[in-house]
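One file, final-v3.tsv, is given below (TSV, C-alpha atoms).
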chain	number	residue	atom	x	y	z
E	69	MET	CA	25.73	-5.54	-8.98
E	70	THR	CA	28.57	-6.59	-11.22
E	71	THR	CA	30.83	-9.21	-9.69
E	72	ALA	CA	34.19	-7.58	-8.87
E	73	LEU	CA	36.22	-10.17	-10.74
E	74	ASP	CA	39.95	-9.74	-10.20
E	75	LEU	CA	42.29	-12.14	-11.98
E	76	SER	CA	44.89	-11.71	-9.23
E	77	ARG	CA	42.46	-12.86	-6.52
E	78	PRO	CA	41.02	-16.40	-6.79
E	79	ASP	CA	38.48	-15.58	-4.06
E	80	THR	CA	36.71	-13.30	-6.57
E	81	PHE	CA	36.28	-16.00	-9.22
E	82	PRO	CA	32.50	-16.62	-9.44
E	83	SER	CA	31.10	-20.14	-9.33
E	84	LYS	CA	27.75	-21.79	-9.96
E	85	ARG	CA	26.87	-20.92	-6.35
E	86	ASP	CA	26.58	-17.30	-7.46
E	87	GLU	CA	23.06	-16.94	-8.86
E	88	ASP	CA	24.10	-14.64	-11.71
E	89	TRP	CA	26.91	-17.03	-12.68
E	90	LYS	CA	25.30	-20.42	-12.17
E	91	TYR	CA	25.46	-21.24	-15.89
E	92	THR	CA	29.00	-19.86	-16.34
E	93	ASP	CA	31.18	-21.36	-13.63
E	94	VAL	CA	34.51	-19.55	-13.80
E	95	HIS	CA	35.78	-21.31	-10.67
E	96	ARG	CA	35.39	-24.70	-12.38
E	97	TYR	CA	38.08	-23.78	-14.93
E	98	LEU	CA	40.11	-21.22	-13.03
E	99	ARG	CA	41.21	-22.11	-9.48
E	100	ALA	CA	44.40	-20.06	-9.20
E	101	ALA	CA	45.48	-16.66	-10.48
E	102	PRO	CA	46.96	-17.01	-13.97
E	103	ALA	CA	50.46	-15.76	-14.63
E	104	PRO	CA	50.39	-12.27	-16.17
E	105	SER	CA	50.44	-12.19	-19.94
E	106	PRO	CA	53.59	-10.86	-21.60
E	107	THR	CA	53.67	-7.94	-23.98
E	108	GLY	CA	51.82	-8.82	-27.16
E	109	ALA	CA	51.83	-7.54	-30.71
E	110	VAL	CA	49.16	-5.72	-32.69
E	111	ARG	CA	48.06	-7.77	-35.70
E	112	GLY	CA	46.54	-5.93	-38.64
E	113	GLY	CA	43.85	-3.32	-38.26
E	114	GLY	CA	41.03	-5.46	-36.87
E	115	PRO	CA	37.71	-6.45	-38.47
E	116	PHE	CA	36.31	-2.90	-38.55
E	117	PHE	CA	39.41	-1.19	-39.98
E	118	ASP	CA	37.89	-0.39	-43.37
E	119	LEU	CA	35.08	1.62	-41.75
E	120	GLY	CA	37.55	4.29	-40.66
E	121	GLY	CA	37.37	6.35	-37.49
E	122	GLU	CA	39.76	6.59	-34.59
E	123	GLY	CA	41.35	3.59	-32.89
E	124	LEU	CA	41.69	2.52	-29.27
E	125	THR	CA	43.60	-0.75	-28.83
E	126	PHE	CA	44.55	-3.00	-25.93
E	127	VAL	CA	46.92	-5.93	-26.39
E	128	ASN	CA	47.06	-8.41	-23.50
E	129	GLY	CA	45.47	-5.77	-21.30
E	130	VAL	CA	47.94	-3.00	-22.13
E	131	ALA	CA	46.72	0.10	-23.93
E	132	VAL	CA	48.51	1.00	-27.14
E	133	GLY	CA	48.26	4.75	-26.52
E	134	ASP	CA	45.28	6.10	-24.57
E	135	ASP	CA	42.92	3.95	-22.48
E	136	ARG	CA	40.00	6.36	-22.70
E	137	PHE	CA	38.18	8.30	-25.37
E	138	THR	CA	35.74	11.22	-25.39
E	139	ALA	CA	33.87	12.09	-28.59
E	140	PHE	CA	33.62	15.84	-29.10
E	141	ALA	CA	32.04	15.40	-32.54
E	142	ASP	CA	30.04	12.71	-34.31
E	143	GLY	CA	32.18	9.83	-35.47
E	144	ILE	CA	33.50	6.26	-35.14
E	145	VAL	CA	35.83	4.68	-32.61
E	146	ARG	CA	37.28	1.22	-33.24
E	147	LEU	CA	37.89	-0.40	-29.86
E	148	ARG	CA	40.08	-3.53	-30.07
E	149	PHE	CA	40.81	-6.03	-27.30
E	150	VAL	CA	43.54	-8.30	-28.63
E	151	SER	CA	44.59	-11.43	-26.72
E	152	ASP	CA	47.93	-12.78	-27.95
E	153	ALA	CA	48.98	-15.14	-25.16
E	154	ASN	CA	49.45	-18.77	-24.16
E	155	GLY	CA	48.16	-19.97	-20.79
E	156	THR	CA	48.42	-16.54	-19.14
E	157	GLY	CA	45.92	-13.90	-18.02
E	158	HIS	CA	45.32	-10.21	-18.60
E	159	GLY	CA	42.70	-7.53	-18.13
E	160	ALA	CA	41.94	-4.05	-19.43
E	161	VAL	CA	39.70	-1.13	-18.48
E	162	ALA	CA	38.47	1.27	-21.17
E	163	THR	CA	36.44	4.44	-20.60
E	164	ILE	CA	34.25	5.79	-23.39
E	165	GLY	CA	32.31	9.03	-23.27
E	166	VAL	CA	30.60	11.49	-25.59
E	167	ARG	CA	29.63	15.11	-25.27
E	168	ALA	CA	25.93	15.97	-24.90
E	169	GLY	CA	24.08	15.84	-28.18
E	170	ARG	CA	26.82	13.96	-30.05
E	171	HIS	CA	26.62	10.62	-31.87
E	172	LEU	CA	29.27	7.91	-31.48
E	173	THR	CA	29.50	4.55	-33.24
E	174	LEU	CA	31.62	2.22	-31.10
E	175	LEU	CA	32.96	-0.70	-33.14
E	176	GLU	CA	34.37	-3.19	-30.66
E	177	SER	CA	36.27	-6.37	-31.45
E	178	HIS	CA	37.65	-9.17	-29.28
E	179	GLU	CA	40.41	-10.96	-31.19
E	180	GLY	CA	41.98	-14.16	-29.88
E	181	HIS	CA	45.42	-15.55	-30.77
E	182	GLY	CA	47.59	-18.09	-28.99
E	183	SER	CA	45.99	-20.65	-26.67
E	184	GLY	CA	44.50	-21.07	-23.22
E	185	TYR	CA	44.53	-17.40	-22.24
E	186	VAL	CA	42.30	-15.75	-19.63
E	187	ALA	CA	40.97	-12.28	-20.51
E	188	HIS	CA	38.90	-9.90	-18.41
E	189	ASN	CA	37.94	-6.64	-20.09
E	190	ARG	CA	35.86	-3.88	-18.53
E	191	LEU	CA	34.19	-0.87	-20.13
E	192	VAL	CA	32.68	2.25	-18.63
E	193	ILE	CA	30.40	4.01	-21.13
E	194	GLN	CA	28.87	7.42	-20.41
E	195	VAL	CA	26.00	8.64	-22.63
E	196	PRO	CA	24.89	12.12	-21.45
E	197	SER	CA	21.68	13.98	-22.22
E	198	GLY	CA	20.77	14.01	-25.89
E	199	ALA	CA	23.76	11.89	-26.95
E	200	ARG	CA	23.57	8.70	-29.00
E	201	VAL	CA	25.91	5.71	-28.85
E	202	GLU	CA	25.71	2.57	-30.97
E	203	ARG	CA	27.98	-0.23	-29.74
E	204	ILE	CA	28.62	-3.13	-32.11
E	205	ILE	CA	30.68	-6.09	-30.89
E	206	LEU	CA	32.36	-8.89	-32.82
E	207	ALA	CA	33.77	-11.45	-30.36
E	208	GLU	CA	36.00	-14.17	-31.76
E	209	ASP	CA	38.01	-15.75	-28.97
E	210	ILE	CA	39.86	-19.03	-29.47
E	211	ASP	CA	38.12	-22.24	-28.47
E	212	ASP	CA	40.19	-22.94	-25.32
E	213	ALA	CA	40.09	-19.40	-23.89
E	214	LEU	CA	38.29	-18.06	-20.84
E	215	ALA	CA	37.03	-14.55	-21.60
E	216	VAL	CA	34.83	-12.19	-19.59
E	217	THR	CA	33.76	-8.74	-20.76
E	218	GLN	CA	31.77	-6.48	-18.44
E	219	ALA	CA	30.32	-3.10	-19.40
E	220	GLU	CA	28.70	-0.46	-17.19
E	221	VAL	CA	26.56	1.98	-19.18
E	222	THR	CA	24.99	5.15	-17.78
E	223	LEU	CA	22.48	7.25	-19.73
E	224	GLY	CA	21.28	10.80	-19.34
E	225	ALA	CA	17.81	12.18	-20.09
E	226	GLY	CA	16.87	11.89	-23.74
E	227	ALA	CA	19.96	9.81	-24.55
E	228	ALA	CA	19.95	6.79	-26.87
E	229	PHE	CA	22.06	3.66	-26.55
E	230	SER	CA	21.97	0.66	-28.87
E	231	GLN	CA	24.08	-2.48	-28.78
E	232	THR	CA	24.55	-5.56	-30.93
E	233	VAL	CA	26.76	-8.48	-29.86
E	234	LEU	CA	27.82	-11.17	-32.33
E	235	THR	CA	29.88	-13.98	-30.86
E	236	THR	CA	31.22	-17.45	-31.59
E	237	GLY	CA	31.97	-18.19	-27.92
E	238	ALA	CA	35.03	-19.75	-26.29
E	239	LYS	CA	35.78	-22.50	-23.78
E	240	LEU	CA	33.99	-20.19	-21.34
E	241	GLN	CA	32.88	-16.74	-22.45
E	242	ARG	CA	30.63	-14.15	-20.88
E	243	ILE	CA	29.65	-10.77	-22.33
E	244	GLU	CA	27.82	-8.80	-19.67
E	245	THR	CA	26.16	-5.39	-19.98
E	246	ARG	CA	24.56	-3.49	-17.10
E	247	LEU	CA	22.78	-0.27	-17.87
E	248	LYS	CA	21.30	2.52	-15.75
E	249	HIS	CA	18.22	3.82	-17.55
E	250	PRO	CA	17.01	7.25	-16.41
E	251	GLY	CA	13.72	7.20	-18.29
E	252	GLU	CA	12.98	10.80	-19.27
E	253	GLY	CA	12.72	9.98	-22.96
E	254	ALA	CA	15.90	7.88	-23.09
E	255	THR	CA	15.82	4.85	-25.40
E	256	VAL	CA	17.75	1.57	-25.35
E	257	ARG	CA	18.08	-1.23	-27.89
E	258	ILE	CA	20.21	-4.12	-26.67
E	259	ASP	CA	20.58	-7.12	-28.99
E	260	GLY	CA	22.77	-10.16	-29.42
E	261	ALA	CA	23.38	-13.27	-31.51
E	262	TYR	CA	25.51	-16.32	-30.73
E	263	LEU	CA	26.61	-19.03	-33.15
E	264	LEU	CA	28.31	-21.87	-31.30
E	265	THR	CA	29.99	-25.06	-32.48
E	266	GLY	CA	32.16	-27.77	-30.93
E	267	LYS	CA	32.22	-27.42	-27.14
E	268	ARG	CA	32.11	-23.63	-27.10
E	269	HIS	CA	30.22	-21.70	-24.45
E	270	ALA	CA	28.78	-18.16	-24.71
E	271	ASP	CA	26.88	-16.29	-22.00
E	272	LEU	CA	25.07	-13.07	-22.90
E	273	THR	CA	23.97	-11.43	-19.65
E	274	THR	CA	22.23	-8.06	-19.50
E	275	GLU	CA	20.57	-5.90	-16.87
E	276	VAL	CA	18.64	-2.73	-17.66
E	277	ASP	CA	17.62	-0.79	-14.55
E	278	HIS	CA	14.83	1.73	-15.18
E	279	ILE	CA	15.12	4.26	-12.37
E	280	GLY	CA	12.89	6.94	-13.94
E	281	GLY	CA	9.67	7.08	-15.90
E	282	ASP	CA	8.94	7.34	-19.63
E	283	GLY	CA	11.85	5.23	-20.88
E	284	LEU	CA	12.02	2.64	-23.65
E	285	THR	CA	13.96	-0.65	-23.79
E	286	ASP	CA	13.79	-3.03	-26.75
E	287	GLN	CA	15.83	-6.25	-26.58
E	288	LEU	CA	16.26	-9.15	-29.01
E	289	THR	CA	18.72	-12.04	-28.63
E	290	LYS	CA	18.99	-15.06	-30.91
E	291	GLY	CA	21.28	-18.07	-30.88
E	292	VAL	CA	22.19	-21.20	-32.78
E	293	VAL	CA	23.89	-24.09	-30.96
E	294	ARG	CA	25.52	-27.04	-32.70
E	295	ASP	CA	27.51	-30.10	-31.61
E	296	GLU	CA	28.10	-30.02	-27.82
E	297	ALA	CA	28.06	-26.24	-27.45
E	298	ARG	CA	26.18	-24.32	-24.78
E	299	GLY	CA	24.43	-20.97	-25.09
E	300	VAL	CA	23.34	-18.91	-22.10
E	301	PHE	CA	21.02	-15.91	-22.07
E	302	GLN	CA	20.28	-14.00	-18.88
E	303	GLY	CA	18.28	-10.82	-19.33
E	304	ARG	CA	16.91	-8.77	-16.47
E	305	ILE	CA	14.81	-5.61	-16.78
E	306	ILE	CA	14.06	-3.78	-13.55
E	307	VAL	CA	11.36	-1.10	-13.37
E	308	ARG	CA	11.80	0.83	-10.14
E	309	GLU	CA	9.06	2.43	-8.09
E	310	GLY	CA	8.12	5.70	-9.75
E	311	ALA	CA	9.30	4.64	-13.22
E	312	ASP	CA	5.78	4.97	-14.61
E	313	GLY	CA	5.36	5.03	-18.38
E	314	THR	CA	8.18	2.55	-18.96
E	315	ASP	CA	7.93	0.52	-22.17
E	316	ALA	CA	10.20	-2.56	-22.03
E	317	ARG	CA	10.29	-5.57	-24.36
E	318	MET	CA	12.63	-8.56	-24.24
E	319	GLY	CA	12.84	-11.58	-26.52
E	320	HIS	CA	15.23	-14.55	-26.66
E	321	HIS	CA	14.95	-17.27	-29.30
E	322	ALA	CA	17.39	-20.12	-29.92
E	323	LEU	CA	17.83	-23.09	-32.22
E	324	ILE	CA	19.54	-26.32	-31.17
E	325	THR	CA	20.66	-28.30	-34.20
E	326	SER	CA	22.24	-31.29	-32.44
E	327	GLU	CA	21.31	-33.83	-29.79
E	328	ARG	CA	23.97	-32.71	-27.28
E	329	GLY	CA	23.70	-28.95	-27.62
E	330	GLU	CA	22.32	-26.95	-24.68
E	331	VAL	CA	20.66	-23.57	-24.16
E	332	ASP	CA	19.94	-22.05	-20.75
E	333	ALA	CA	17.69	-18.99	-20.76
E	334	LYS	CA	16.62	-16.82	-17.86
E	335	PRO	CA	14.58	-13.77	-18.89
E	336	GLU	CA	13.39	-11.70	-15.93
E	337	LEU	CA	11.12	-8.71	-15.40
E	338	GLU	CA	11.03	-7.01	-12.00
E	339	ILE	CA	8.28	-4.38	-11.94
E	340	TYR	CA	7.67	-2.09	-8.98
E	341	ALA	CA	5.76	0.67	-10.82
E	342	ASP	CA	2.25	1.15	-12.19
E	343	ASP	CA	1.18	2.20	-15.68
E	344	VAL	CA	3.92	0.34	-17.53
E	345	SER	CA	4.02	-1.79	-20.69
E	346	CYS	CA	6.43	-4.69	-20.25
E	347	ALA	CA	6.71	-8.14	-21.83
E	348	HIS	CA	9.22	-10.90	-22.44
E	349	GLY	CA	9.32	-14.03	-24.56
E	350	ASN	CA	11.59	-17.05	-24.82
E	351	THR	CA	11.65	-19.99	-27.23
E	352	VAL	CA	14.17	-22.80	-27.71
E	353	GLY	CA	13.66	-25.39	-30.42
E	354	ALA	CA	14.76	-26.87	-33.73
E	355	LEU	CA	14.50	-25.64	-37.31
E	356	ASP	CA	11.02	-25.45	-38.74
E	357	GLU	CA	10.64	-28.83	-40.46
E	358	SER	CA	7.77	-27.61	-42.63
E	359	ALA	CA	9.89	-24.75	-43.98
E	360	LEU	CA	12.76	-27.19	-44.55
E	361	PHE	CA	10.45	-29.56	-46.41
E	362	TYR	CA	9.08	-26.69	-48.51
E	363	MET	CA	12.59	-25.71	-49.63
E	364	GLN	CA	13.57	-29.31	-50.36
E	365	GLN	CA	10.47	-29.71	-52.54
E	366	ARG	CA	11.78	-26.84	-54.66
E	367	GLY	CA	15.07	-28.59	-55.30
E	368	ILE	CA	17.25	-26.96	-52.62
E	369	PRO	CA	19.65	-29.53	-51.08
E	370	THR	CA	19.04	-30.27	-47.40
E	371	ASP	CA	22.31	-28.80	-46.09
E	372	GLU	CA	21.85	-25.63	-48.14
E	373	ALA	CA	18.25	-25.29	-46.97
E	374	ARG	CA	19.31	-25.63	-43.34
E	375	ALA	CA	22.01	-23.00	-43.81
E	376	LEU	CA	19.58	-20.57	-45.45
E	377	LEU	CA	17.00	-20.98	-42.70
E	378	THR	CA	19.64	-20.55	-40.00
E	379	GLU	CA	21.00	-17.43	-41.67
E	380	ALA	CA	17.53	-15.90	-41.97
E	381	PHE	CA	16.89	-16.65	-38.30
E	382	LEU	CA	20.03	-14.87	-37.06
E	383	MET	CA	20.01	-12.00	-39.55
E	384	GLU	CA	16.99	-10.46	-37.86
E	385	VAL	CA	19.41	-9.28	-35.17
E	386	VAL	CA	21.92	-7.92	-37.71
E	387	ASP	CA	19.19	-6.08	-39.61
E	388	ARG	CA	18.52	-3.92	-36.54
E	389	ILE	CA	22.03	-2.39	-36.63
E	390	GLY	CA	21.75	1.29	-37.41
E	391	HIS	CA	25.14	2.01	-39.01
E	392	GLU	CA	24.87	0.84	-42.62
E	393	GLY	CA	28.54	0.01	-43.15
E	394	ALA	CA	28.77	-1.93	-39.89
E	395	ARG	CA	25.52	-3.72	-40.65
E	396	GLU	CA	26.82	-5.01	-43.98
E	397	LEU	CA	30.17	-5.99	-42.47
E	398	CYS	CA	28.43	-7.91	-39.68
E	399	ARG	CA	26.15	-9.59	-42.20
E	400	ALA	CA	29.20	-10.87	-44.11
E	401	TRP	CA	31.03	-11.84	-40.88
E	402	LEU	CA	28.08	-13.94	-39.69
E	403	ALA	CA	27.37	-15.49	-43.07
E	404	GLU	CA	31.00	-16.61	-43.37
E	405	ARG	CA	30.75	-18.43	-40.04
E	406	LEU	CA	27.51	-20.14	-40.95
Written as structure tokens, how would this file's structure read?
Amino acid sequence: MTTALDLSRPDTFPSKRDEDWKYTDVHRYLRAAPAPSPTGAVRGGGPFFDLGGEGLTFVNGVAVGDDRFTAFADGIVRLRFVSDANGTGHGAVATIGVRAGRHLTLLESHEGHGSGYVAHNRLVIQVPSGARVERIILAEDIDDALAVTQAEVTLGAGAAFSQTVLTTGAKLQRIETRLKHPGEGATVRIDGAYLLTGKRHADLTTEVDHIGGDGLTDQLTKGVVRDEARGVFQGRIIVREGADGTDARMGHHALITSERGEVDAKPELEIYADDVSCAHGNTVGALDESALFYMQQRGIPTDEARALLTEAFLMEVVDRIGHEGARELCRAWLAERL
């Protein structure tokens, strides 16, 4: 179950005593309810503006126009969560739905301005029978922010949902996705990549609950941690009794490029059904020294060789994005931050 975090109630702030939050201790940094954020301003059109589509924007938790969207035809929605505050807190709830058989590309950005803000954004995403949703997230909070994003996704029979998260973290950041998988030919791809520097922290937590048979889940998360940053991956796939024929794969792979960087990974499979194909893998290490040596022998400077290897490592996640325009934009966004 998703923790019912409420910024107005300190008793709901999770701590390391909560198993699902033991690596991301909100209570350590937030003991009292923050003052509400004032009205903020919309800045520009956001990172996905050039890809067109319709817009749904929240500034400091307040919707600029509607707070929900239903796609009646195939198309793009640019969902922006803008934090423009100093030492205050805000939260937003957005509801996204599509009609059966339709295809929606959800381009979501988290844009941080100001300093020391607390943001809690929630999404409810409904993907009915035969519909397809691709959710692509660029999260760029400021380095002293506390930001939590929680999404609840529900699929119908034969639906398809794919997700890619790219984030640079924050003082404390968590991007959580919990998905109800009906089986019945529904497919899920749920990916992420984190690139962390300084003392930034990013937590990518997912839960995919297979409640019916003959469903597919494919998950890949990669991360690079530098300096004193900390990356967290928690992935749980549950296969309920009767969900026979489930095919579920999960992989998490991270690079630590400094002595004081940290990665905490907790991949989990809970299987209560027979006749399933499930697997998970997890690796945390350094750059391949033999590959680095090979590139240096061919005259590539050490720093450039490291950057090229790091980029190739993370781009595997970007390459799985289905929407071509978004894929190229995300490739450039990530390369710029490398």
Quiz item: Nearest to E:Ile279: which of E:Gly303, E:Gly260, E:Gly313, E:Gly390 is it, counting all atoms listed in the file?
Solution: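 Comparing E:Gly303, E:Gly260, E:Gly313, E:Gly390 against E:Ile279, the winner is E:Gly313.
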Exercise. Show which residues sit within 8 Å of E:Ile205, as number ranges by chain. Count only C-alpha atoms, and ignore same-chain residues fewer than 4 positions away.
Key: E: 175-178, 231-235
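What separates atom CA of E:Ser345 from atom CA of E:Gly280 is a distance of 14.2 Å.
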Using 12 Å as the limit and counting only C-alpha atoms, can you tabulate each residue of stretch 278-315 of chain E that touches stretch 227-230 of chain E, with its shortest atom-to-atom distance in Å and the two atoms involved, as CSV?
residue,atom,partner,partner_atom,distance
E:Gly283,CA,E:Ala227,CA,10.0
E:Leu284,CA,E:Ala228,CA,9.5
E:Thr285,CA,E:Ser230,CA,9.6
E:Asp286,CA,E:Ser230,CA,9.2
E:Gln287,CA,E:Ser230,CA,9.5
E:Leu288,CA,E:Ser230,CA,11.4
Store the residues picked out above, limited to C-alpha atoms, as a PDB file, in the coordinates of the input.
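What ended up in out-v6.pdb:
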ATOM      1  CA  GLY E 283      11.850   5.230 -20.880  1.00  0.00           C
ATOM      2  CA  LEU E 284      12.020   2.640 -23.650  1.00  0.00           C
ATOM      3  CA  THR E 285      13.960  -0.650 -23.790  1.00  0.00           C
ATOM      4  CA  ASP E 286      13.790  -3.030 -26.750  1.00  0.00           C
ATOM      5  CA  GLN E 287      15.830  -6.250 -26.580  1.00  0.00           C
ATOM      6  CA  LEU E 288      16.260  -9.150 -29.010  1.00  0.00           C
TER       7      LEU E 288
END
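Among the candidates E:His321, E:Lys248, E:Ala199, E:Glu208, the residue lying nearest to E:Ala270 is E:Glu208 (atoms considered: only C-alpha atoms).
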Exercise. Would you list the residues near (22.2, -20.3, -22.3) (no more than 7 Å away, in the coordinates of the file, using all atoms listed in the file) as a list in words?
Key: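 Residues satisfying the cut-off, written out: Asp271, Arg298, Gly299, Val300, Phe301, Val331, Asp332 and Ala333 of chain E.
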I'd like the neighbourhood of E:Asp356 as a PDB file with C-alpha atoms, in the frame of the given file, where a residue qualifies if any of its atoms comes within 9 Å (using all atoms listed in the file), though same-chain residues fewer than 4 positions away should be ignored.
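And here's part.pdb as it stands now:
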ATOM      1  CA  LEU E 360      12.760 -27.190 -44.550  1.00  0.00           C
ATOM      2  CA  PHE E 361      10.450 -29.560 -46.410  1.00  0.00           C
ATOM      3  CA  LEU E 377      17.000 -20.980 -42.700  1.00  0.00           C
TER       4      LEU E 377
END
Self-check item: Among listed residues E:Ala297, E:Met318, E:Tyr262, E:Asp342, nearest E:Phe381 (using all atoms listed in the file)
Solution: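 Nearest to E:Phe381: E:Tyr262.
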